[in-house]
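Some notes on the structure that comes next.
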Amino acid sequence: MGDGNWIGSGSQEAGVAIVGAGIAGLTLALQLDSVGIASTVFEAAPAVEPLGVGINILPHASRVLCLLGLESPLLEKSIATANSVFYNRFGQLIYSEPLGRAGGYEFPQFSIHRGDLQEVLLKAAIERRIPIELGHKVTSVDQDHKIATLHFDQKSAPVPDRTASVVVGCDGIHSVLRKQLHPAEGDPRYSGVNMWRGVTLWPKILDGASMIRAGWLTTGKMVIYPIRDSVDEQGRQLINWVAELETDRYRRRDWSRPGSLDDFAGSFANWQFDWMDVPAFLDASEEVLEYPMVDQDPLSTWTDRRITLLGDAAHPMVPRGSNGAGQAILDAKCLSDCLVQEESLEAALARYEYERLAATSKVVLTNRVNPPDIILKIVADRTGDRPFDRIEDVISEDELKSISDSYKSIAGYSKERLAG
Ligand SMILES: Cc1cc2nc3c(=O)[nH]c(=O)nc-3n(C[C@H](O)[C@H](O)[C@H](O)COP(=O)(O)OP(=O)(O)OC[C@H]3O[C@@H](n4cnc5c(N)ncnc54)[C@H](O)[C@@H]3O)c2cc1C
C-alpha cells in the first residue's frame with residue numbers, strides 16, 4: 001500500500017491540480033483532503049455562480065458525500081426524495097417505486113438545485129482551506145517525467161503558469177484537457193432531443209417528495225420533482241421541471257442559456273390531470289433554461305502520464321438516468337482511493353482508469369437506449385399512445401421492476417451492491 005506521499009513533494013506547488021470547480025472538481029478536492037492529499041482547484045470563472053437547475057443525487061453517490069460529512073447541509077438544502085412515479089401523457093399512473101431511504105437504502109436520494117449542491121461543496125472546501133484559484137482558465141498542460149505545468153488564458157489578466165504532480169481535468173463537457181488528449185474527437189453528439197428546464201414555486205404535488213416522469217419524447221416528456229421545501233408562508237415548494245422533446249433544434253450546451261416557454265409549452269397544453277395542472281404550472285415558472293441532450297462516445301483512454309479526466313470531461317452522458325454528477329462523485333472517490341493505495345502515480349492512474357472507464361462507458365451507452373424512462377416508451381408503443389383501461393394488461397409489475405433494477409445494477413446503485 002502507498003500513502004500518496006509521492007504527490008506534491010519537491011517543488012510542485014499544487015500537489016494534485018484539479019481543473020474545474022463543478023460538482024466533479026469540488027468533490028475530488030474534498031475527497032483528497034479527507035485522505036490528506038493536497039490539491040488546488042483552478043476554475044475558469046471569476047466567481048462560482050449557482051448555475052443550472054435541479055439534479056438528483058442517488059444513493060451510490062450520496063453515500064460518498066455523506067461519508068465526507070455533508071449529509072446535514074445537503075438535507076437542509078434539498079428534498080430527500082421518497083418515490084419515483086411514471087405516468088403516460090394522459091396522467092395515468094404506470095409505475096411507482098420507493099427511492100432513497102424510503103426504498104430501504106442506507107443513504108438518502110437528494111433532489112437538489114445544482115447551485116445549492118455546488119455551494120455546499122464549495123463551503124466545505126473553503127472551511128477545509130483547500131485552495132481554489134478563480135479566473136484560472138486552463139488552456140493546455142505540458143508534462144515531463146517529473147512534473148506537469150498548467151498554462152492559463154491571458155486575455156483578462158496575466159496569469160502565471162503553475163506546476164503539479166498530477167492534473168485532473170474536471171472541466172466539463174467542453175473539456176480542454178479531453179481535447180488535448182483526443183484532438184481528433186468531434187463536438188458533443190446531439191441525441192435529437194432538446195430540453196427546457198426551469199423551477200416553479202408551487203404547492204406540493206402528490207406526496208411532495210416524488211420524482212415524476214410522464215409522457216414520451218416524440219410528443220413531449222416531462223420530469224418534475226421538488227428541490228426545496230416550504231419556501232414561503234403558504235408552504236409551497238421550489239419545483240424543478242424538465243420538458244424534453246424530439247427536435248432538430250441544436251444549440252451548444254451552456255449551463256445558463258435562456259429558453260422560452262413559447263418553444264415547447266404547446267406540447268403540454270392539454271396536460272390537465274386530477275393530480276396536477278401542467279400548463280398552469282409551466283406558466284408560473286420563473287426562468288427557463290435550454291439545453292441540448294448531448295453526450296460523447298466513450299473514449300479508449302482518459303490518461304496520458306500525469307494527466308487524467310474525471311466527471312463530464314471523461315464521460316458526458318445524456319441525463320436520462322440521473323447519473324452524470326453521480327458518476328463524477330464515484331470517480332472522485334475511486335481516484336482518491338487509488339492515489340492513496342497504489343505505490344506510484346502510474347499505477348494509481350492505471351487502476352483508476354481500469355475501474356471507472358468501462359463502468360461509466362456502460363452507463364453512457366445504456367442512457368442512449370435503455371435508461372429507466374424506457375418504461376414510458378414501452379407503454380406508449382404498446383397502447384398506440386392512447387389511454388389504457390388497466391396497466392396490468394399493458395405491462396406487468398415484474399417487467400417494470402426488472403427494467404428499473406437492471407439500470408440500478410448497471411449504474412452501480414442496486415441495494416445489494418451498496419450493502420456489500
Ligand atoms: C439537464 C440536465 C439534467 C441533469 N440531471 C442530473 C441528475 O439528476 N443527476 C445527476 O447525477 N446528473 C445530472 N446531470 C448531469 C450533471 O449535471 C453533470 O454530469 C455534472 O454537473 C458534471 O459535473 P462536472 O463537474 O463534471 O462538470 P461541470 O458541472 O460542467 O463543471 C465544469 C467546471 O469546469 C470549469 N471549466 C471549464 N473549462 C475550464 C478550463 N479550461 N479551465 C478551468 N475551469 C474550467 C467550468 O467553469 C465548471 O465550473 C444533468 C445534466 C443536465 C444537462
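Following the order of the C-alpha cells, first chain is A, next is B, and so on, with residues numbered from 1 inside each chain and ligands from 1 in the order they appear.
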Fill in: Contacts of Ser210 (chain A) at 10 Å (only C-alpha atoms; same-chain gap of 2+ positions) as a PyMOL selection string
chain A and resi 79-85+96-99+111+204-208+212-213+224-226
Residue subset to file, keeping N, CA and C atoms, as an mmCIF file, in the first residue's frame:
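The file below, selection_26.cif, is the result:
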data_model
loop_
_atom_site.group_PDB
_atom_site.id
_atom_site.type_symbol
_atom_site.label_atom_id
_atom_site.label_comp_id
_atom_site.auth_asym_id
_atom_site.auth_seq_id
_atom_site.Cartn_x
_atom_site.Cartn_y
_atom_site.Cartn_z
ATOM 1 N N ILE A 79 -34.512 18.071 -1.033
ATOM 2 C CA ILE A 79 -35.628 17.199 -0.660
ATOM 3 C C ILE A 79 -35.071 15.778 -0.638
ATOM 4 N N ALA A 80 -35.355 15.043 0.425
ATOM 5 C CA ALA A 80 -34.996 13.625 0.445
ATOM 6 C C ALA A 80 -36.105 12.898 -0.315
ATOM 7 N N THR A 81 -35.829 12.601 -1.563
ATOM 8 C CA THR A 81 -36.879 12.078 -2.451
ATOM 9 C C THR A 81 -37.287 10.674 -2.019
ATOM 10 N N ALA A 82 -38.600 10.432 -2.024
ATOM 11 C CA ALA A 82 -39.103 9.169 -1.462
ATOM 12 C C ALA A 82 -39.703 8.237 -2.504
ATOM 13 N N ASN A 83 -40.107 8.774 -3.670
ATOM 14 C CA ASN A 83 -40.782 7.926 -4.664
ATOM 15 C C ASN A 83 -40.416 8.317 -6.084
ATOM 16 N N SER A 84 -40.403 7.304 -6.936
ATOM 17 C CA SER A 84 -40.270 7.535 -8.372
ATOM 18 C C SER A 84 -41.591 7.108 -8.996
ATOM 19 N N VAL A 85 -42.214 8.002 -9.780
ATOM 20 C CA VAL A 85 -43.509 7.650 -10.372
ATOM 21 C C VAL A 85 -43.498 7.954 -11.864
ATOM 22 N N SER A 96 -44.777 2.901 -9.830
ATOM 23 C CA SER A 96 -44.299 3.687 -8.695
ATOM 24 C C SER A 96 -43.358 2.824 -7.876
ATOM 25 N N GLU A 97 -42.244 3.392 -7.450
ATOM 26 C CA GLU A 97 -41.367 2.629 -6.544
ATOM 27 C C GLU A 97 -40.705 3.585 -5.558
ATOM 28 N N PRO A 98 -40.424 3.102 -4.330
ATOM 29 C CA PRO A 98 -39.794 3.970 -3.333
ATOM 30 C C PRO A 98 -38.318 4.204 -3.642
ATOM 31 N N LEU A 99 -37.821 5.371 -3.234
ATOM 32 C CA LEU A 99 -36.432 5.760 -3.518
ATOM 33 C C LEU A 99 -35.682 6.070 -2.229
ATOM 34 N N SER A 111 -32.775 15.406 -3.967
ATOM 35 C CA SER A 111 -33.144 16.212 -5.130
ATOM 36 C C SER A 111 -32.787 17.641 -4.762
ATOM 37 N N LYS A 204 -47.303 21.452 -2.875
ATOM 38 C CA LYS A 204 -46.796 20.084 -3.026
ATOM 39 C C LYS A 204 -47.570 19.321 -4.100
ATOM 40 N N ILE A 205 -46.861 18.590 -4.932
ATOM 41 C CA ILE A 205 -47.516 17.707 -5.919
ATOM 42 C C ILE A 205 -47.418 16.287 -5.366
ATOM 43 N N LEU A 206 -48.507 15.533 -5.445
ATOM 44 C CA LEU A 206 -48.565 14.171 -4.858
ATOM 45 C C LEU A 206 -48.122 14.252 -3.398
ATOM 46 N N ASP A 207 -47.091 13.459 -2.987
ATOM 47 C CA ASP A 207 -46.682 13.488 -1.580
ATOM 48 C C ASP A 207 -45.625 14.555 -1.290
ATOM 49 N N GLY A 208 -45.286 15.375 -2.287
ATOM 50 C CA GLY A 208 -44.280 16.422 -2.070
ATOM 51 C C GLY A 208 -42.862 15.877 -2.026
ATOM 52 N N ILE A 212 -41.338 12.702 -10.682
ATOM 53 C CA ILE A 212 -42.378 12.322 -11.648
ATOM 54 C C ILE A 212 -41.783 12.321 -13.054
ATOM 55 N N ARG A 213 -41.993 11.241 -13.788
ATOM 56 C CA ARG A 213 -41.637 11.221 -15.216
ATOM 57 C C ARG A 213 -42.907 10.881 -15.992
ATOM 58 N N ILE A 224 -40.495 16.048 -13.327
ATOM 59 C CA ILE A 224 -40.881 17.085 -12.349
ATOM 60 C C ILE A 224 -40.543 16.580 -10.952
ATOM 61 N N TYR A 225 -39.799 17.381 -10.176
ATOM 62 C CA TYR A 225 -39.563 16.982 -8.777
ATOM 63 C C TYR A 225 -39.215 18.211 -7.926
ATOM 64 N N PRO A 226 -39.613 18.173 -6.641
ATOM 65 C CA PRO A 226 -39.304 19.314 -5.775
ATOM 66 C C PRO A 226 -37.840 19.304 -5.337
#
Please identify the residues whose atoms come within 6 Å of ligand 1, using only C-alpha atoms and all ligand atoms, and report them as a compact mmCIF listing (two decimals) with N, CA and C atoms, in the first residue's frame.
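Result written to part-v3.txt:
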# COMPACT_ATOMS: atom_id res chain seq x y z
N VAL A 19 -8.73 20.77 -12.48
CA VAL A 19 -9.17 21.81 -13.42
C VAL A 19 -10.69 21.82 -13.46
N GLY A 20 -11.31 22.84 -12.85
CA GLY A 20 -12.77 22.98 -12.84
C GLY A 20 -13.35 22.81 -11.44
N ALA A 21 -14.18 23.78 -11.04
CA ALA A 21 -14.81 23.74 -9.71
C ALA A 21 -16.30 23.43 -9.82
N GLY A 22 -16.65 22.46 -10.68
CA GLY A 22 -18.03 21.97 -10.73
C GLY A 22 -18.20 20.88 -9.67
N ILE A 23 -19.25 20.08 -9.82
CA ILE A 23 -19.52 19.02 -8.84
C ILE A 23 -18.32 18.05 -8.78
N ALA A 24 -17.77 17.72 -9.98
CA ALA A 24 -16.67 16.76 -10.04
C ALA A 24 -15.44 17.30 -9.34
N GLY A 25 -15.01 18.51 -9.71
CA GLY A 25 -13.76 19.06 -9.18
C GLY A 25 -13.82 19.29 -7.68
N PHE A 42 -8.39 24.87 -9.99
CA PHE A 42 -8.27 26.00 -10.91
C PHE A 42 -9.58 26.13 -11.68
N GLU A 43 -10.29 27.23 -11.48
CA GLU A 43 -11.61 27.42 -12.10
C GLU A 43 -11.54 28.61 -13.07
N ALA A 44 -12.10 28.40 -14.27
CA ALA A 44 -12.06 29.45 -15.29
C ALA A 44 -12.89 30.68 -14.88
N ALA A 45 -14.06 30.44 -14.28
CA ALA A 45 -14.97 31.55 -13.98
C ALA A 45 -14.38 32.46 -12.90
N ILE A 55 -30.92 18.65 -9.81
CA ILE A 55 -30.40 17.32 -10.15
C ILE A 55 -30.71 16.37 -8.99
N ASN A 56 -30.67 15.10 -9.31
CA ASN A 56 -30.87 14.07 -8.30
C ASN A 56 -29.55 13.39 -8.00
N ILE A 57 -29.26 13.24 -6.72
CA ILE A 57 -28.06 12.50 -6.33
C ILE A 57 -28.54 11.20 -5.70
N HIS A 136 -8.87 31.25 -13.45
CA HIS A 136 -7.74 30.48 -13.99
C HIS A 136 -8.26 29.51 -15.05
N LYS A 137 -8.37 30.00 -16.27
CA LYS A 137 -8.86 29.15 -17.37
C LYS A 137 -7.68 28.42 -18.00
N VAL A 138 -7.64 27.11 -17.80
CA VAL A 138 -6.53 26.32 -18.34
C VAL A 138 -6.64 26.26 -19.86
N THR A 139 -5.52 26.52 -20.53
CA THR A 139 -5.51 26.41 -22.00
C THR A 139 -4.80 25.15 -22.46
N CYS A 170 -11.41 18.20 -14.71
CA CYS A 170 -12.82 18.13 -14.28
C CYS A 170 -13.54 19.30 -14.94
N ASP A 171 -13.19 19.57 -16.20
CA ASP A 171 -13.63 20.81 -16.84
C ASP A 171 -14.84 20.62 -17.75
N GLY A 172 -15.63 19.60 -17.46
CA GLY A 172 -16.97 19.51 -18.05
C GLY A 172 -16.99 19.07 -19.50
N ILE A 173 -18.17 19.20 -20.09
CA ILE A 173 -18.42 18.59 -21.41
C ILE A 173 -17.57 19.22 -22.52
N SER A 175 -14.45 20.03 -22.29
CA SER A 175 -13.13 19.95 -21.65
C SER A 175 -11.95 20.24 -22.59
N VAL A 176 -11.11 21.17 -22.14
CA VAL A 176 -9.88 21.48 -22.87
C VAL A 176 -8.89 20.31 -22.75
N GLY A 311 -15.44 12.98 -14.35
CA GLY A 311 -16.75 13.64 -14.48
C GLY A 311 -17.14 13.81 -15.95
N ASP A 312 -17.87 14.88 -16.26
CA ASP A 312 -18.34 15.09 -17.64
C ASP A 312 -17.18 15.20 -18.62
N ALA A 313 -16.02 15.64 -18.19
CA ALA A 313 -14.87 15.70 -19.09
C ALA A 313 -14.51 14.30 -19.58
N PRO A 319 -28.81 12.99 -19.84
CA PRO A 319 -29.34 12.92 -18.48
C PRO A 319 -30.69 12.19 -18.43
N SER A 322 -30.36 10.16 -14.27
CA SER A 322 -29.94 10.91 -13.07
C SER A 322 -28.58 10.44 -12.59
N ASN A 323 -27.61 10.35 -13.50
CA ASN A 323 -26.35 9.73 -13.10
C ASN A 323 -25.07 10.49 -13.47
N GLY A 324 -25.16 11.61 -14.21
CA GLY A 324 -23.93 12.29 -14.65
C GLY A 324 -23.10 12.75 -13.46
N ALA A 325 -23.71 13.52 -12.57
CA ALA A 325 -22.98 14.01 -11.39
C ALA A 325 -22.66 12.84 -10.47
N GLY A 326 -23.59 11.90 -10.37
CA GLY A 326 -23.37 10.73 -9.51
C GLY A 326 -22.13 9.96 -9.93
Discussion item. Taking only region 139-233 of chain A into account, list the residues labelled strand (DSSP E or B) by DSSP (computed from the backbone), as a PyMOL selection string.
Written reply: chain A and resi 139-143+148-152+162-164+166-169+189-202+210-216+220-228
Worksheet entry | Residues within 10 Å of Lys77 (chain A), only C-alpha atoms, excluding chain neighbours under 6 positions, as a ChimeraX atom specification | /A:110-113,116-117,119-120,227-229
Worksheet, complete the sentence: Using only C-alpha atoms, the best pick from A:Ile374, A:Ile132, A:Ala124, A:Ile18 as closest to Val48 (chain A) would be A:Ile132
Each residue of region 267-331 of chain A with at least one atom at most 6 Å from region 356-373 of chain A should appear once, together with its nearest atom pair and the corresponding distance in Å (one decimal); atoms considered: only C-alpha atoms; ordering: chain, then increasing residue number; output as a tab-separated table.
residue	atom	partner	partner_atom	distance
A:Pro298	CA	A:Ser361	CA	5.4
A:Met317	CA	A:Val364	CA	5.0
A:Arg320	CA	A:Asn367	CA	5.9
A:Gly321	CA	A:Pro371	CA	5.7
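Going from CA of Asn194 (chain A) to CA of Met293 (chain A) covers 5.6 Å.
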Discussion item. Just list as a list in words whatever in region 172-247 of chain A DSSP marks as alpha helix (DSSP H).
Written reply: Val176, Leu177, Arg178, Lys179, Gln180 and Leu181 of chain A
Which residues of region 233-342 of chain A come within 10 Å of region 37-41 of chain A, and for each one, what is the closest pair of atoms and their distance in Å to one decimal, counting only C-alpha atoms, sorted by chain and residue number, as JSON lines?
{"residue": "A:Ser336", "atom": "CA", "partner": "A:Ile37", "partner_atom": "CA", "distance": 8.5}
{"residue": "A:Leu339", "atom": "CA", "partner": "A:Ile37", "partner_atom": "CA", "distance": 8.6}
{"residue": "A:Val340", "atom": "CA", "partner": "A:Ile37", "partner_atom": "CA", "distance": 8.2}
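Shortest atom-to-atom contact with Glu399 (chain A) among A:Val379, A:Leu282, A:Asp187, A:Val53: A:Val379, counting only C-alpha atoms.
Within the 10 Å cut-off around Glu244 (chain A), using only C-alpha atoms and omitting residues fewer than 5 positions from it on the same chain, the listed residues are Val193, Asn194, Met195, Trp196, Arg197, Gly215, Trp216, Leu217, Thr218, Thr219, Gly220, Lys221, Met222, Val223, Phe264, Ser267, Tyr291, Pro292 and Met293 of chain A.
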How about saving the chosen residues, N, CA, C and O atoms kept, as a PDB file, in the first residue's frame?
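Printed below is out-v2.pdb as written:
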ATOM      1  N   VAL A 193     -32.843  15.233 -29.012  1.00  0.00           N
ATOM      2  CA  VAL A 193     -33.828  15.680 -28.011  1.00  0.00           C
ATOM      3  C   VAL A 193     -33.328  16.990 -27.403  1.00  0.00           C
ATOM      4  O   VAL A 193     -32.166  17.085 -26.995  1.00  0.00           O
ATOM      5  N   ASN A 194     -34.208  17.976 -27.362  1.00  0.00           N
ATOM      6  CA  ASN A 194     -33.857  19.230 -26.688  1.00  0.00           C
ATOM      7  C   ASN A 194     -34.587  19.294 -25.345  1.00  0.00           C
ATOM      8  O   ASN A 194     -35.660  18.704 -25.189  1.00  0.00           O
ATOM      9  N   MET A 195     -33.961  19.984 -24.382  1.00  0.00           N
ATOM     10  CA  MET A 195     -34.583  20.093 -23.051  1.00  0.00           C
ATOM     11  C   MET A 195     -34.768  21.567 -22.697  1.00  0.00           C
ATOM     12  O   MET A 195     -33.890  22.386 -22.976  1.00  0.00           O
ATOM     13  N   TRP A 196     -35.896  21.853 -22.071  1.00  0.00           N
ATOM     14  CA  TRP A 196     -36.118  23.166 -21.475  1.00  0.00           C
ATOM     15  C   TRP A 196     -36.336  22.910 -19.990  1.00  0.00           C
ATOM     16  O   TRP A 196     -37.073  21.979 -19.623  1.00  0.00           O
ATOM     17  N   ARG A 197     -35.693  23.709 -19.149  1.00  0.00           N
ATOM     18  CA  ARG A 197     -35.756  23.426 -17.725  1.00  0.00           C
ATOM     19  C   ARG A 197     -36.076  24.705 -16.969  1.00  0.00           C
ATOM     20  O   ARG A 197     -35.730  25.799 -17.400  1.00  0.00           O
ATOM     21  N   GLY A 215     -45.228  11.068 -20.003  1.00  0.00           N
ATOM     22  CA  GLY A 215     -45.247  11.277 -21.460  1.00  0.00           C
ATOM     23  C   GLY A 215     -44.097  10.556 -22.144  1.00  0.00           C
ATOM     24  O   GLY A 215     -43.452   9.683 -21.562  1.00  0.00           O
ATOM     25  N   TRP A 216     -43.834  10.921 -23.390  1.00  0.00           N
ATOM     26  CA  TRP A 216     -42.686  10.348 -24.098  1.00  0.00           C
ATOM     27  C   TRP A 216     -42.100  11.376 -25.048  1.00  0.00           C
ATOM     28  O   TRP A 216     -42.782  12.322 -25.464  1.00  0.00           O
ATOM     29  N   LEU A 217     -40.838  11.177 -25.457  1.00  0.00           N
ATOM     30  CA  LEU A 217     -40.063  12.197 -26.156  1.00  0.00           C
ATOM     31  C   LEU A 217     -40.657  12.638 -27.498  1.00  0.00           C
ATOM     32  O   LEU A 217     -40.494  13.795 -27.891  1.00  0.00           O
ATOM     33  N   THR A 218     -41.354  11.734 -28.186  1.00  0.00           N
ATOM     34  CA  THR A 218     -41.847  12.106 -29.515  1.00  0.00           C
ATOM     35  C   THR A 218     -42.929  13.184 -29.442  1.00  0.00           C
ATOM     36  O   THR A 218     -42.976  14.085 -30.277  1.00  0.00           O
ATOM     37  N   THR A 219     -43.790  13.091 -28.414  1.00  0.00           N
ATOM     38  CA  THR A 219     -44.846  14.103 -28.294  1.00  0.00           C
ATOM     39  C   THR A 219     -44.592  15.045 -27.119  1.00  0.00           C
ATOM     40  O   THR A 219     -45.277  16.060 -26.974  1.00  0.00           O
ATOM     41  N   GLY A 220     -43.640  14.721 -26.286  1.00  0.00           N
ATOM     42  CA  GLY A 220     -43.302  15.565 -25.144  1.00  0.00           C
ATOM     43  C   GLY A 220     -43.268  14.765 -23.860  1.00  0.00           C
ATOM     44  O   GLY A 220     -44.217  14.058 -23.529  1.00  0.00           O
ATOM     45  N   LYS A 221     -42.132  14.865 -23.162  1.00  0.00           N
ATOM     46  CA  LYS A 221     -41.967  14.175 -21.877  1.00  0.00           C
ATOM     47  C   LYS A 221     -41.633  15.230 -20.821  1.00  0.00           C
ATOM     48  O   LYS A 221     -40.969  16.220 -21.141  1.00  0.00           O
ATOM     49  N   MET A 222     -42.140  15.006 -19.600  1.00  0.00           N
ATOM     50  CA  MET A 222     -41.785  15.924 -18.520  1.00  0.00           C
ATOM     51  C   MET A 222     -41.184  15.159 -17.362  1.00  0.00           C
ATOM     52  O   MET A 222     -41.622  14.057 -17.044  1.00  0.00           O
ATOM     53  N   VAL A 223     -40.184  15.773 -16.728  1.00  0.00           N
ATOM     54  CA  VAL A 223     -39.632  15.279 -15.462  1.00  0.00           C
ATOM     55  C   VAL A 223     -39.875  16.399 -14.454  1.00  0.00           C
ATOM     56  O   VAL A 223     -39.540  17.556 -14.728  1.00  0.00           O
ATOM     57  N   PHE A 264     -41.995  25.313 -26.531  1.00  0.00           N
ATOM     58  CA  PHE A 264     -42.346  23.914 -26.212  1.00  0.00           C
ATOM     59  C   PHE A 264     -43.660  23.743 -25.453  1.00  0.00           C
ATOM     60  O   PHE A 264     -44.223  22.650 -25.433  1.00  0.00           O
ATOM     61  N   SER A 267     -46.772  21.648 -26.533  1.00  0.00           N
ATOM     62  CA  SER A 267     -46.805  20.176 -26.487  1.00  0.00           C
ATOM     63  C   SER A 267     -47.484  19.656 -25.224  1.00  0.00           C
ATOM     64  O   SER A 267     -47.846  18.485 -25.150  1.00  0.00           O
ATOM     65  N   TYR A 291     -31.239  23.376 -22.852  1.00  0.00           N
ATOM     66  CA  TYR A 291     -30.029  22.558 -23.027  1.00  0.00           C
ATOM     67  C   TYR A 291     -30.301  21.510 -24.114  1.00  0.00           C
ATOM     68  O   TYR A 291     -31.356  20.877 -24.090  1.00  0.00           O
ATOM     69  N   PRO A 292     -29.324  21.266 -24.966  1.00  0.00           N
ATOM     70  CA  PRO A 292     -29.483  20.119 -25.864  1.00  0.00           C
ATOM     71  C   PRO A 292     -29.143  18.856 -25.074  1.00  0.00           C
ATOM     72  O   PRO A 292     -28.325  18.897 -24.149  1.00  0.00           O
ATOM     73  N   MET A 293     -29.766  17.727 -25.414  1.00  0.00           N
ATOM     74  CA  MET A 293     -29.388  16.474 -24.766  1.00  0.00           C
ATOM     75  C   MET A 293     -28.217  15.904 -25.573  1.00  0.00           C
ATOM     76  O   MET A 293     -28.397  15.483 -26.712  1.00  0.00           O
TER      77      MET A 293
END
Fill in: Straight-line distance linking CA of Phe281 (chain A) with CA of Val318 (chain A), stated in Å to one decimal
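CA of Val318 (chain A) lies 25.3 Å from CA of Phe281 (chain A).
Nearest to Gln118 (chain A) of all the residues A:His151, A:Glu392, A:Gly103, A:Gly54 is A:Gly54, counting only C-alpha atoms.
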Worksheet entry | Pick from A:Val242, A:Leu376, A:Val167, A:Leu121 nearest to Ser140 (chain A), counting only C-alpha atoms |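 Once distances to Ser140 (chain A) are computed over only C-alpha atoms, the minimum belongs to A:Val167.
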